[in-house]
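Student: Take a look at the following structure, please.
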Amino acid sequence: MIATLKWAILPAICATLFGMGAGAQTTAGSGGATFNQIFDGIKSRPQFAHSNFGVEIYSLDRKAVLFRWNSDKLFIPGSTTKLLTEGTALQLLGPDYRFHTALYRTGAIRNGTLRGNLVLVASGDPDLSGRLQPDGTLAFADEDHSYGGFDSRLVPGNPAAPLDSLAQQIAAAGIRRIDGQVLIDASLFPEADRELGTGVTISPVIVNDNVVDAVISPGSAAGASANIRISPQPSYIRYVNRVTTGAVGSKFSLARSDRTLANGDVEVTLKGSIPADRGAYIDSYPVASPSRFAAALLAAALEDKGIAIADRKFAAKPAGDKFKASYTPQNRVAEYVSAPLSEDVKVTLKTSQNLHASSMPFLLGAVLGKARTSVDHKGFELERDFLGKAGLDLSGAVQSDGAGGSAMFTPDFMVHYLAYKAAQPDYPVFRHALPVLGKDGTLFNIQTASPAAGHVFAKTGTFADSDLLNASTILTAKGLAGYTTTLSGENVAFAIYVNFVPLATDTGDSVKTSDAMENVGQQLGEIAAAANLYPIEPMK
């Protein structure tokens, strides 16, 4: 079972670091230390007495291994898995690939009335959201909203902006009434499975990452109801607010439950308490049916443009092939074209966006493999072919999902994969998409005072589970893999993993748990910084 904890770096709450002495961060060249000595000191800390480390540093210039520790052993990698998923997508689809999400009519338009249905054909675009900026890039928050928490942030703007764009095109086409329904054709690949990190439903249609965000903030005084802002809010989802404002310094608590009402609407109830001195907390609710979610939000966007809809029943199941004959250029009444794939790769890797990565094997299997059943299997077949042609030894890799919920890699496999990517034309795009140590993405708060900040480009990974025996949490995996340049100017790829780190925290205290997990992330960041700042002794 996967704990309800993030795979990516969790919210940055703790300021005390397990460095070389309490609170220290890596500094260059002090005392003639070497990378080897720093690594030995970190792995020997009491916290890691029962843990397993795996490390490899590989010279991209000399094509030689500079350092290895258990690098031929399989490790649970967490979200460093996304390096393979997104790198495969860049290679097979190309960085300039764009998603085309189109609206088709199933009947004639007479006197402003569409005598039929309006069907949105989902293309797999993961960014039907508010991320698109005027310059064509996609915005992101270092702490993605889909994870929720006090440190998560929403991207400013309308979370359903692409649907507004489609609705505006419908209005411009002179349609003022739809006699039928607003439907979503999500038949590109099956809509059913939930990704293993945040429980969001995988689907070819992804609006606001298929979540409803409830932004909870303290009320006017202790005892008052908390303030809750819902975004976006489809007509069939209703919220019941039972969150109160606690005293200054009190403990935060939140519980969410949902139920389906007799009329098919969904009622979501939030209970708990938020301290009067805390900021806003984001609770992201994964919708059960992304196609119904999209249909309701598209209908609302159409009605905002003055377009009436006769049948407002939004099907819980997506529309299938029955309307395919209507998907012709003559019947296409609107289209939304995405930013290039390179931009989504940036969002996915910078923020460790689980849904986007989890969807990619399905997308590859459907778009390139033309699969209709076992679509993700076809996607992994394509990835396997790509990795095999790259000359990589696949005996050092295990992967069954796109985000990292079911995967194992050896550090040696990972660095050779990274070395291969470094020699490809899309390498500048790939490297630019990685979090930067101490600067942005899931590394924004790691080793911020180190001279290596800004010089390490790497993907994070976290995987945790509950330890009920000890009323604690076990950090099953922490990982960091990417690129840096050594003190001598040598370009290297590296992979750093630690598995099975007990955390002395109460499983019910999410703040202390994320605090302890970040401390381990700081220590892996310290190792990566040392590779940048200190000489690596030759292996014996």
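Within each chain, counting starts at residue 1; across the structure tokens, chains are named A, B, ... in the order shown, with ligands numbered 1 upward in that order.
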At a cut-off of 8 Å, using only C-alpha atoms, what residues contact region 467-480 of chain A? Leave out same-chain residues fewer than 6 positions from it and give the result as number ranges by chain.
Tutor: A: 75-80, 458-461, 495-507, 513, 517, 520-521, 524-525, 528
Student: Residues of region 166-227 of chain A that have any atom at most 6 Å from an atom of region 317-338 of chain A: could you tabulate them with the shortest-distance atom pair and the distance in Å to one decimal, using only C-alpha atoms, ordered by chain and increasing number, as JSON lines?
Tutor:
{"residue": "A:Leu166", "atom": "CA", "partner": "A:Ala334", "partner_atom": "CA", "distance": 5.7}
{"residue": "A:Gln169", "atom": "CA", "partner": "A:Ala334", "partner_atom": "CA", "distance": 5.6}
{"residue": "A:Ile184", "atom": "CA", "partner": "A:Pro318", "partner_atom": "CA", "distance": 5.6}
{"residue": "A:Asp185", "atom": "CA", "partner": "A:Ala319", "partner_atom": "CA", "distance": 4.5}
{"residue": "A:Ala186", "atom": "CA", "partner": "A:Pro318", "partner_atom": "CA", "distance": 5.4}
{"residue": "A:Ser187", "atom": "CA", "partner": "A:Gly320", "partner_atom": "CA", "distance": 5.5}
Student: Quick one: everything within 9 Å of Gly369 (chain A), counting only C-alpha atoms, minus sequence neighbours fewer than 3 positions away in the same chain. Send it as a ChimeraX atom specification.
Tutor: /A:363-366,375,378-379,381-382
Student: Go ahead and write the selection's residues with N, CA, C and O atoms as an mmCIF file, in the first residue's frame.
Tutor:
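Output saved as out_30.cif:
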data_model
loop_
_atom_site.group_PDB
_atom_site.id
_atom_site.type_symbol
_atom_site.label_atom_id
_atom_site.label_comp_id
_atom_site.auth_asym_id
_atom_site.auth_seq_id
_atom_site.Cartn_x
_atom_site.Cartn_y
_atom_site.Cartn_z
ATOM 1 N N LEU A 363 -0.848 7.561 -23.273
ATOM 2 C CA LEU A 363 -0.840 8.435 -24.448
ATOM 3 C C LEU A 363 0.033 7.864 -25.556
ATOM 4 O O LEU A 363 -0.369 7.824 -26.723
ATOM 5 N N LEU A 364 1.229 7.395 -25.200
ATOM 6 C CA LEU A 364 2.121 6.823 -26.201
ATOM 7 C C LEU A 364 1.506 5.577 -26.827
ATOM 8 O O LEU A 364 1.573 5.375 -28.038
ATOM 9 N N GLY A 365 0.899 4.740 -25.980
ATOM 10 C CA GLY A 365 0.281 3.526 -26.493
ATOM 11 C C GLY A 365 -0.872 3.806 -27.425
ATOM 12 O O GLY A 365 -1.083 3.091 -28.415
ATOM 13 N N ALA A 366 -1.636 4.859 -27.137
ATOM 14 C CA ALA A 366 -2.801 5.195 -27.959
ATOM 15 C C ALA A 366 -2.410 5.944 -29.224
ATOM 16 O O ALA A 366 -2.854 5.609 -30.329
ATOM 17 N N VAL A 375 -3.632 -0.381 -23.237
ATOM 18 C CA VAL A 375 -2.979 0.755 -23.896
ATOM 19 C C VAL A 375 -1.655 1.109 -23.229
ATOM 20 O O VAL A 375 -0.663 1.388 -23.908
ATOM 21 N N LYS A 378 1.179 -1.158 -24.259
ATOM 22 C CA LYS A 378 1.762 -0.766 -25.540
ATOM 23 C C LYS A 378 2.716 0.406 -25.366
ATOM 24 O O LYS A 378 3.784 0.463 -26.004
ATOM 25 N N GLY A 379 2.347 1.332 -24.484
ATOM 26 C CA GLY A 379 3.228 2.459 -24.200
ATOM 27 C C GLY A 379 4.566 2.011 -23.645
ATOM 28 O O GLY A 379 5.624 2.513 -24.052
ATOM 29 N N GLU A 381 5.853 -0.932 -24.114
ATOM 30 C CA GLU A 381 6.545 -1.633 -25.205
ATOM 31 C C GLU A 381 7.335 -0.646 -26.051
ATOM 32 O O GLU A 381 8.489 -0.908 -26.433
ATOM 33 N N LEU A 382 6.743 0.499 -26.325
ATOM 34 C CA LEU A 382 7.446 1.534 -27.082
ATOM 35 C C LEU A 382 8.636 2.075 -26.298
ATOM 36 O O LEU A 382 9.707 2.331 -26.875
#
Student: Going by DSSP on the backbone, which residues of region 12-144 of chain A come out as strand (DSSP E or B)? List them as a PDB file with C-alpha atoms, in the first residue's frame.
Tutor:
ATOM      1  CA  PHE A  18      21.201  17.377   8.827  1.00  0.00           C
ATOM      2  CA  GLY A  19      24.386  18.741   7.336  1.00  0.00           C
ATOM      3  CA  GLY A  21      26.911  19.507  11.941  1.00  0.00           C
ATOM      4  CA  ALA A  22      23.444  20.712  12.834  1.00  0.00           C
ATOM      5  CA  ASN A  52      20.567   1.164   1.942  1.00  0.00           C
ATOM      6  CA  PHE A  53      22.440   3.692  -0.204  1.00  0.00           C
ATOM      7  CA  GLY A  54      23.092   3.415  -3.920  1.00  0.00           C
ATOM      8  CA  VAL A  55      25.190   6.013  -5.771  1.00  0.00           C
ATOM      9  CA  GLU A  56      26.934   6.364  -9.101  1.00  0.00           C
ATOM     10  CA  ILE A  57      28.656   9.351 -10.680  1.00  0.00           C
ATOM     11  CA  TYR A  58      29.494   9.049 -14.369  1.00  0.00           C
ATOM     12  CA  SER A  59      31.702  11.313 -16.479  1.00  0.00           C
ATOM     13  CA  ALA A  64      33.736   6.540 -17.373  1.00  0.00           C
ATOM     14  CA  VAL A  65      32.392   5.807 -13.901  1.00  0.00           C
ATOM     15  CA  LEU A  66      33.996   8.135 -11.354  1.00  0.00           C
ATOM     16  CA  PHE A  67      32.315   6.798  -8.217  1.00  0.00           C
ATOM     17  CA  ARG A  68      30.011   3.929  -7.348  1.00  0.00           C
ATOM     18  CA  TRP A  69      28.418   2.507  -4.223  1.00  0.00           C
ATOM     19  CA  PHE A  75      16.574   0.585  -5.641  1.00  0.00           C
ATOM     20  CA  HIS A 100      -5.289  19.333 -30.555  1.00  0.00           C
ATOM     21  CA  THR A 101      -8.525  19.249 -28.562  1.00  0.00           C
ATOM     22  CA  ALA A 102     -11.492  19.770 -30.889  1.00  0.00           C
ATOM     23  CA  LEU A 103     -15.238  20.321 -30.536  1.00  0.00           C
ATOM     24  CA  TYR A 104     -17.549  18.750 -33.131  1.00  0.00           C
ATOM     25  CA  ARG A 105     -21.251  19.151 -33.812  1.00  0.00           C
ATOM     26  CA  ILE A 109     -26.876  24.630 -37.271  1.00  0.00           C
ATOM     27  CA  ARG A 110     -30.130  26.428 -38.106  1.00  0.00           C
ATOM     28  CA  THR A 113     -29.474  26.502 -32.945  1.00  0.00           C
ATOM     29  CA  LEU A 114     -27.345  23.359 -33.080  1.00  0.00           C
ATOM     30  CA  LEU A 118     -21.615  19.175 -29.012  1.00  0.00           C
ATOM     31  CA  VAL A 119     -18.760  16.672 -28.500  1.00  0.00           C
ATOM     32  CA  LEU A 120     -15.312  17.477 -27.153  1.00  0.00           C
ATOM     33  CA  VAL A 121     -12.830  14.870 -28.395  1.00  0.00           C
ATOM     34  CA  LEU A 128      -6.374  22.059 -20.005  1.00  0.00           C
ATOM     35  CA  LEU A 132      -0.783  28.751 -20.430  1.00  0.00           C
ATOM     36  CA  LEU A 138       3.321  27.023 -19.142  1.00  0.00           C
ATOM     37  CA  ASP A 144       2.004  21.853  -7.193  1.00  0.00           C
TER      38      ASP A 144
END
Student: Between A:Gly136, A:Gly272, A:Pro234, A:Gly197, which is the closest to Asp401 (chain A) once you count only C-alpha atoms?
Tutor: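 Of A:Gly136, A:Gly272, A:Pro234, A:Gly197, the one nearest Asp401 (chain A), counting only C-alpha atoms, is A:Gly197.
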Student: Can you work out which one of A:Val215, A:Met414, A:Val347, A:Leu196 has the shortest atom-to-atom distance to Ala141 (chain A), counting only C-alpha atoms?
Tutor: A:Val347
Student: Excluding same-chain residues fewer than 2 positions from region 91-95 of chain A, what lies within 8 Å of it counting only C-alpha atoms, as a list in words?
Tutor: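 With the cut-off at 8 Å, the set is Gly87, Thr88, Ala89, Tyr97, Pro340, Leu341, Ser342, Asp426 and Val429 of chain A.
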Student: Could you dump the residues just selected with N, CA, C and O atoms as an mmCIF file, in the first residue's frame?
Tutor:
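Saved the output as part17.cif:
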data_model
loop_
_atom_site.group_PDB
_atom_site.id
_atom_site.type_symbol
_atom_site.label_atom_id
_atom_site.label_comp_id
_atom_site.auth_asym_id
_atom_site.auth_seq_id
_atom_site.Cartn_x
_atom_site.Cartn_y
_atom_site.Cartn_z
ATOM 1 N N GLY A 87 11.485 11.563 -20.709
ATOM 2 C CA GLY A 87 12.530 11.493 -21.716
ATOM 3 C C GLY A 87 12.108 10.652 -22.907
ATOM 4 O O GLY A 87 12.429 10.964 -24.059
ATOM 5 N N THR A 88 11.359 9.575 -22.634
ATOM 6 C CA THR A 88 10.826 8.746 -23.714
ATOM 7 C C THR A 88 9.839 9.539 -24.559
ATOM 8 O O THR A 88 9.853 9.480 -25.798
ATOM 9 N N ALA A 89 8.963 10.292 -23.900
ATOM 10 C CA ALA A 89 7.973 11.098 -24.625
ATOM 11 C C ALA A 89 8.657 12.123 -25.522
ATOM 12 O O ALA A 89 8.254 12.328 -26.681
ATOM 13 N N TYR A 97 5.764 18.556 -30.276
ATOM 14 C CA TYR A 97 4.438 17.933 -30.406
ATOM 15 C C TYR A 97 3.394 18.774 -29.679
ATOM 16 O O TYR A 97 3.634 19.262 -28.569
ATOM 17 N N PRO A 340 3.781 23.488 -26.792
ATOM 18 C CA PRO A 340 4.568 22.325 -27.196
ATOM 19 C C PRO A 340 4.816 21.371 -26.029
ATOM 20 O O PRO A 340 4.827 21.772 -24.864
ATOM 21 N N LEU A 341 5.026 20.101 -26.348
ATOM 22 C CA LEU A 341 5.242 19.076 -25.331
ATOM 23 C C LEU A 341 6.389 19.440 -24.394
ATOM 24 O O LEU A 341 6.356 19.116 -23.200
ATOM 25 N N SER A 342 7.393 20.115 -24.907
ATOM 26 C CA SER A 342 8.526 20.505 -24.062
ATOM 27 C C SER A 342 8.076 21.285 -22.842
ATOM 28 O O SER A 342 8.676 21.167 -21.761
ATOM 29 N N ASP A 426 17.491 16.553 -28.038
ATOM 30 C CA ASP A 426 16.539 17.170 -27.110
ATOM 31 C C ASP A 426 17.140 17.396 -25.718
ATOM 32 O O ASP A 426 16.423 17.790 -24.799
ATOM 33 N N VAL A 429 16.414 20.736 -23.889
ATOM 34 C CA VAL A 429 15.035 20.786 -23.396
ATOM 35 C C VAL A 429 14.903 19.948 -22.130
ATOM 36 O O VAL A 429 14.295 20.367 -21.137
#
